[in-house]
Amino acid sequence: MPKILGGSLERDTTVTAENPAPALSALLRTGSQAEHTAAEGSSFMSELLAGRINAAGYAHFLGLLRRVYEALEDAARELRDDPLASAVIDPAIERLAALDADIEHWGATVVASPATDAYVARIQQSTSWGGLFIAHHYTRYLGDLSGGQAIGRIITREFDLDGAGVAFYSFDAVPKPKLYKDAYRARLDALPLGADERERILAEVKAVFGLNGGIFAEMTTYLDQYGR
């Protein structure tokens, strides 16, 4: 299964002179493995990746994502001068306009979503410290540039699209995603953070995976009506 959110591997927490503390990007990637796997293991995501979600279900999902990215990009504007958050904030990769274009294609679907309410509230709270916002930004946008690309190809194939309706997965300003992600991680690794601050960001990344998993679990309850 493609990684649809920030990637993760196993983590060695022993810090010695021979085994120094990992770079922040490695800490976030390896330290959130269990939460990452749990979030991506939902029935909804499995069905989406298998091409078995219908247009109405996909429109519903896009509507929830729009709320998440609206909150993320509002928070980014608030934190654009923050010494930590500014290291990752990049208007060139914002997704809200692309989501609006896709929603126009698929049709607007407004569905009550307690899981999305909780996610949006957590993003709004993250503006209290730039490190918390980084956890949200890292998990969503690096995921979009990674496994999100596979989802875009699946949606294009299953609905026989000619480019319309999948703007969310198109990063015109990022012709080489790997190079962009490498540079992003390098900026994370250069942040002047203490051990406690690094662990606080990791804890928030784990929470973000849980919030994404909550949305996927909520979408799973609609599979009877959204299956193809």
# chains A, B, ... in the order shown; residues from 1 in each chain; ligands from 1

$ residues_around --residues "range 156-160 of chain A" --least-positions-apart "5" --cutoff "12 Å" --atoms "only C-alpha atoms" --output "PDB file with N, CA, C and O atoms, in the first residue's frame"
ATOM      1  N   LEU A  48     -10.602   2.714  -1.294  1.00  0.00           N
ATOM      2  CA  LEU A  48     -10.232   3.817  -2.178  1.00  0.00           C
ATOM      3  C   LEU A  48      -9.048   3.423  -3.056  1.00  0.00           C
ATOM      4  O   LEU A  48      -9.051   3.640  -4.277  1.00  0.00           O
ATOM      5  N   LEU A  49      -8.028   2.828  -2.448  1.00  0.00           N
ATOM      6  CA  LEU A  49      -6.839   2.432  -3.196  1.00  0.00           C
ATOM      7  C   LEU A  49      -7.124   1.293  -4.164  1.00  0.00           C
ATOM      8  O   LEU A  49      -6.411   1.118  -5.154  1.00  0.00           O
ATOM      9  N   ALA A  50      -8.177   0.529  -3.897  1.00  0.00           N
ATOM     10  CA  ALA A  50      -8.577  -0.550  -4.800  1.00  0.00           C
ATOM     11  C   ALA A  50      -9.516  -0.057  -5.896  1.00  0.00           C
ATOM     12  O   ALA A  50      -9.946  -0.843  -6.746  1.00  0.00           O
ATOM     13  N   GLY A  51      -9.840   1.227  -5.883  1.00  0.00           N
ATOM     14  CA  GLY A  51     -10.723   1.785  -6.903  1.00  0.00           C
ATOM     15  C   GLY A  51     -12.178   1.419  -6.707  1.00  0.00           C
ATOM     16  O   GLY A  51     -12.953   1.390  -7.671  1.00  0.00           O
ATOM     17  N   ARG A  52     -12.575   1.162  -5.451  1.00  0.00           N
ATOM     18  CA  ARG A  52     -13.944   0.712  -5.207  1.00  0.00           C
ATOM     19  C   ARG A  52     -14.791   1.733  -4.448  1.00  0.00           C
ATOM     20  O   ARG A  52     -15.780   1.382  -3.804  1.00  0.00           O
ATOM     21  N   ILE A  53     -14.426   3.018  -4.519  1.00  0.00           N
ATOM     22  CA  ILE A  53     -15.241   4.085  -3.942  1.00  0.00           C
ATOM     23  C   ILE A  53     -15.878   4.858  -5.097  1.00  0.00           C
ATOM     24  O   ILE A  53     -15.204   5.249  -6.047  1.00  0.00           O
ATOM     25  N   ASN A  54     -17.193   5.079  -5.005  1.00  0.00           N
ATOM     26  CA  ASN A  54     -17.876   5.754  -6.104  1.00  0.00           C
ATOM     27  C   ASN A  54     -17.681   7.268  -6.046  1.00  0.00           C
ATOM     28  O   ASN A  54     -17.062   7.801  -5.119  1.00  0.00           O
ATOM     29  N   ALA A  55     -18.226   7.954  -7.039  1.00  0.00           N
ATOM     30  CA  ALA A  55     -18.024   9.399  -7.145  1.00  0.00           C
ATOM     31  C   ALA A  55     -18.590  10.141  -5.945  1.00  0.00           C
ATOM     32  O   ALA A  55     -17.992  11.113  -5.464  1.00  0.00           O
ATOM     33  N   TYR A  58     -16.196   9.785  -3.052  1.00  0.00           N
ATOM     34  CA  TYR A  58     -14.985  10.583  -3.230  1.00  0.00           C
ATOM     35  C   TYR A  58     -15.285  12.064  -3.002  1.00  0.00           C
ATOM     36  O   TYR A  58     -14.490  12.783  -2.390  1.00  0.00           O
ATOM     37  N   TRP A 106     -16.515  17.401  -8.984  1.00  0.00           N
ATOM     38  CA  TRP A 106     -17.227  16.252  -8.430  1.00  0.00           C
ATOM     39  C   TRP A 106     -18.567  16.619  -7.825  1.00  0.00           C
ATOM     40  O   TRP A 106     -19.431  15.757  -7.646  1.00  0.00           O
ATOM     41  N   GLN A 149       0.288  10.843  -4.521  1.00  0.00           N
ATOM     42  CA  GLN A 149       0.442  10.777  -5.974  1.00  0.00           C
ATOM     43  C   GLN A 149      -0.140   9.484  -6.525  1.00  0.00           C
ATOM     44  O   GLN A 149      -0.723   9.455  -7.617  1.00  0.00           O
ATOM     45  N   ALA A 150      -0.009   8.398  -5.775  1.00  0.00           N
ATOM     46  CA  ALA A 150      -0.585   7.121  -6.200  1.00  0.00           C
ATOM     47  C   ALA A 150      -2.106   7.196  -6.197  1.00  0.00           C
ATOM     48  O   ALA A 150      -2.769   6.659  -7.097  1.00  0.00           O
ATOM     49  N   ILE A 151      -2.673   7.858  -5.185  1.00  0.00           N
ATOM     50  CA  ILE A 151      -4.130   7.996  -5.139  1.00  0.00           C
ATOM     51  C   ILE A 151      -4.616   8.769  -6.357  1.00  0.00           C
ATOM     52  O   ILE A 151      -5.621   8.421  -6.982  1.00  0.00           O
ATOM     53  N   GLY A 165     -10.598  17.133 -12.098  1.00  0.00           N
ATOM     54  CA  GLY A 165     -11.036  16.429 -10.895  1.00  0.00           C
ATOM     55  C   GLY A 165      -9.941  15.883 -10.018  1.00  0.00           C
ATOM     56  O   GLY A 165     -10.219  15.313  -8.955  1.00  0.00           O
ATOM     57  N   VAL A 166      -8.684  16.039 -10.421  1.00  0.00           N
ATOM     58  CA  VAL A 166      -7.564  15.529  -9.607  1.00  0.00           C
ATOM     59  C   VAL A 166      -6.494  16.605  -9.417  1.00  0.00           C
ATOM     60  O   VAL A 166      -5.310  16.299  -9.253  1.00  0.00           O
ATOM     61  N   ALA A 167      -6.910  17.847  -9.389  1.00  0.00           N
ATOM     62  CA  ALA A 167      -5.956  18.941  -9.176  1.00  0.00           C
ATOM     63  C   ALA A 167      -5.276  18.842  -7.819  1.00  0.00           C
ATOM     64  O   ALA A 167      -4.131  19.276  -7.664  1.00  0.00           O
ATOM     65  N   PHE A 168      -5.962  18.260  -6.839  1.00  0.00           N
ATOM     66  CA  PHE A 168      -5.400  18.132  -5.495  1.00  0.00           C
ATOM     67  C   PHE A 168      -4.040  17.435  -5.508  1.00  0.00           C
ATOM     68  O   PHE A 168      -3.160  17.739  -4.701  1.00  0.00           O
ATOM     69  N   TYR A 169      -3.854  16.498  -6.420  1.00  0.00           N
ATOM     70  CA  TYR A 169      -2.627  15.702  -6.457  1.00  0.00           C
ATOM     71  C   TYR A 169      -1.582  16.283  -7.398  1.00  0.00           C
ATOM     72  O   TYR A 169      -0.496  15.703  -7.553  1.00  0.00           O
ATOM     73  N   SER A 170      -1.886  17.405  -8.030  1.00  0.00           N
ATOM     74  CA  SER A 170      -0.979  18.004  -8.998  1.00  0.00           C
ATOM     75  C   SER A 170      -0.233  19.176  -8.373  1.00  0.00           C
ATOM     76  O   SER A 170      -0.843  20.174  -7.988  1.00  0.00           O
ATOM     77  N   ARG A 228     -18.417   0.783  -5.094  1.00  0.00           N
ATOM     78  CA  ARG A 228     -18.685   0.676  -6.538  1.00  0.00           C
ATOM     79  C   ARG A 228     -18.957  -0.769  -6.918  1.00  0.00           C
ATOM     80  O   ARG A 228     -18.328  -1.686  -6.420  1.00  0.00           O
TER      81      ARG A 228
END

$ closest_residue --among "A:Glu197, A:Ala98, A:Ile155, A:Leu142" --to "Leu179 in chain A" --atoms "only C-alpha atoms"
A:Leu142

$ closest_residue --among "A:Ala183, A:Ile215, A:Ala26, A:Arg95" --to "Tyr119 in chain A" --atoms "only C-alpha atoms"
A:Ile215

$ closest_residue --among "A:Ala76, A:Ala71, A:Met219, A:Ala186" --to "Val111 in chain A" --atoms "only C-alpha atoms"
A:Met219

$ residues_around --residues "Ala112 in chain A" --least-positions-apart "3" --cutoff "12 Å" --atoms "only C-alpha atoms" --output "list in words"
His60, Phe61, Gly63, Leu64, Arg67, Thr109, Ala115, Thr116, Asp117, Ala118, Ile215, Glu218 and Met219 of chain A

$ write_last_selection --atoms "C-alpha atoms" --output "short mmCIF file (atom, residue, chain, number, x, y, z; two decimals), in the first residue's frame"
data_model
loop_
_atom_site.label_atom_id
_atom_site.label_comp_id
_atom_site.auth_asym_id
_atom_site.auth_seq_id
_atom_site.Cartn_x
_atom_site.Cartn_y
_atom_site.Cartn_z
CA HIS A 60 -17.66 13.39 0.44
CA PHE A 61 -13.99 12.71 1.21
CA GLY A 63 -15.30 17.93 1.33
CA LEU A 64 -13.69 16.75 4.55
CA ARG A 67 -11.98 21.70 5.83
CA THR A 109 -21.08 17.32 -0.53
CA ALA A 115 -13.83 13.46 13.20
CA THR A 116 -13.13 16.44 10.97
CA ASP A 117 -14.34 18.82 13.69
CA ALA A 118 -11.74 17.32 16.05
CA ILE A 215 -11.65 10.55 9.35
CA GLU A 218 -15.75 7.69 9.86
CA MET A 219 -15.70 7.27 6.08
#

$ atom_distance --atom1 "CA of Ser126 in chain A" --atom2 "CA of Asp74 in chain A"
11.4 Å

$ closest_residue --among "A:Gln33, A:Leu65, A:Gly194, A:Asp162" --to "Ile103 in chain A" --atoms "only C-alpha atoms"
A:Leu65

$ atom_distance --atom1 "CA of His36 in chain A" --atom2 "CA of Ser146 in chain A"
13.8 Å

$ atom_distance --atom1 "CA of Val208 in chain A" --atom2 "CA of Asp144 in chain A"
14.5 Å

$ closest_residue --among "A:Leu24, A:Ile154, A:Ala121, A:Met45" --to "Ala217 in chain A" --atoms "only C-alpha atoms"
A:Met45

$ residues_around --residues "Tyr184 in chain A" --least-positions-apart "3" --cutoff "12 Å" --atoms "only C-alpha atoms" --output "PyMOL selection string"
chain A and resi 24-25+85-90+93+134+137-138+141-142+145+174+177-181+187-191

$ write_last_selection --atoms "N, CA and C atoms" --output "compact mmCIF listing (two decimals), in the first residue's frame"
# COMPACT_ATOMS: atom_id res chain seq x y z
N LEU A 24 15.75 15.20 13.20
CA LEU A 24 14.31 15.35 13.46
C LEU A 24 13.48 14.62 12.42
N SER A 25 13.83 14.75 11.15
CA SER A 25 13.03 14.09 10.12
C SER A 25 13.01 12.58 10.31
N ALA A 85 7.86 27.49 12.34
CA ALA A 85 6.91 27.12 11.30
C ALA A 85 7.30 27.65 9.93
N SER A 86 7.96 28.81 9.90
CA SER A 86 8.33 29.41 8.62
C SER A 86 9.32 28.54 7.85
N ALA A 87 9.97 27.60 8.52
CA ALA A 87 10.91 26.72 7.83
C ALA A 87 10.21 25.77 6.86
N VAL A 88 8.93 25.51 7.08
CA VAL A 88 8.22 24.57 6.21
C VAL A 88 7.09 25.22 5.42
N ILE A 89 6.57 26.34 5.88
CA ILE A 89 5.45 26.98 5.19
C ILE A 89 5.87 27.39 3.79
N ASP A 90 5.06 27.00 2.81
CA ASP A 90 5.37 27.29 1.41
C ASP A 90 4.06 27.45 0.64
N ILE A 93 2.84 25.08 -2.34
CA ILE A 93 2.28 23.73 -2.25
C ILE A 93 0.91 23.71 -1.58
N ILE A 134 4.24 22.44 12.69
CA ILE A 134 5.11 21.66 11.82
C ILE A 134 4.64 20.21 11.74
N HIS A 137 1.74 20.12 9.32
CA HIS A 137 2.18 20.42 7.95
C HIS A 137 2.96 19.24 7.37
N TYR A 138 3.90 18.72 8.12
CA TYR A 138 4.72 17.60 7.70
C TYR A 138 3.87 16.38 7.34
N TYR A 141 1.34 17.40 4.01
CA TYR A 141 1.91 17.78 2.72
C TYR A 141 2.95 16.79 2.21
N LEU A 142 3.77 16.23 3.09
CA LEU A 142 4.70 15.22 2.60
C LEU A 142 3.96 13.97 2.16
N LEU A 145 2.75 14.57 -1.34
CA LEU A 145 3.82 14.46 -2.32
C LEU A 145 4.37 13.04 -2.43
N VAL A 174 6.23 21.83 -8.06
CA VAL A 174 7.18 20.81 -7.57
C VAL A 174 7.40 19.77 -8.67
N PRO A 177 9.29 15.83 -6.91
CA PRO A 177 8.90 15.70 -5.51
C PRO A 177 10.00 15.20 -4.59
N LYS A 178 10.84 14.28 -5.05
CA LYS A 178 11.89 13.76 -4.16
C LYS A 178 12.84 14.86 -3.73
N LEU A 179 13.25 15.69 -4.67
CA LEU A 179 14.16 16.78 -4.32
C LEU A 179 13.48 17.75 -3.35
N TYR A 180 12.21 18.01 -3.56
CA TYR A 180 11.49 18.92 -2.65
C TYR A 180 11.42 18.31 -1.26
N LYS A 181 11.07 17.04 -1.19
CA LYS A 181 10.95 16.39 0.13
C LYS A 181 12.31 16.32 0.84
N ARG A 187 15.48 21.10 6.08
CA ARG A 187 15.08 22.28 6.86
C ARG A 187 14.58 21.86 8.25
N LEU A 188 13.86 20.76 8.32
CA LEU A 188 13.45 20.24 9.63
C LEU A 188 14.68 19.93 10.49
N ASP A 189 15.63 19.26 9.89
CA ASP A 189 16.81 18.80 10.64
C ASP A 189 17.66 19.97 11.13
N ALA A 190 17.56 21.12 10.48
CA ALA A 190 18.37 22.28 10.86
C ALA A 190 17.72 23.12 11.96
N LEU A 191 16.49 22.79 12.35
CA LEU A 191 15.82 23.59 13.37
C LEU A 191 16.52 23.45 14.72

$ closest_residue --among "A:Pro22, A:Thr220, A:Tyr226, A:Ala135" --to "Phe44 in chain A" --atoms "only C-alpha atoms"
A:Thr220

$ select_by_dssp --residues "range 114-207 of chain A" --states "alpha helix (DSSP H)" --output "MDAnalysis selection string"
chainID A and resid 114:125 130:144 147:158 177:189 195:207

$ residues_around --residues "range 38-43 of chain A" --least-positions-apart "2" --cutoff "8 Å" --atoms "only C-alpha atoms" --output "ChimeraX atom specification"
/A:3-4,34-36,45-47,209-210,212-214,216-217,220
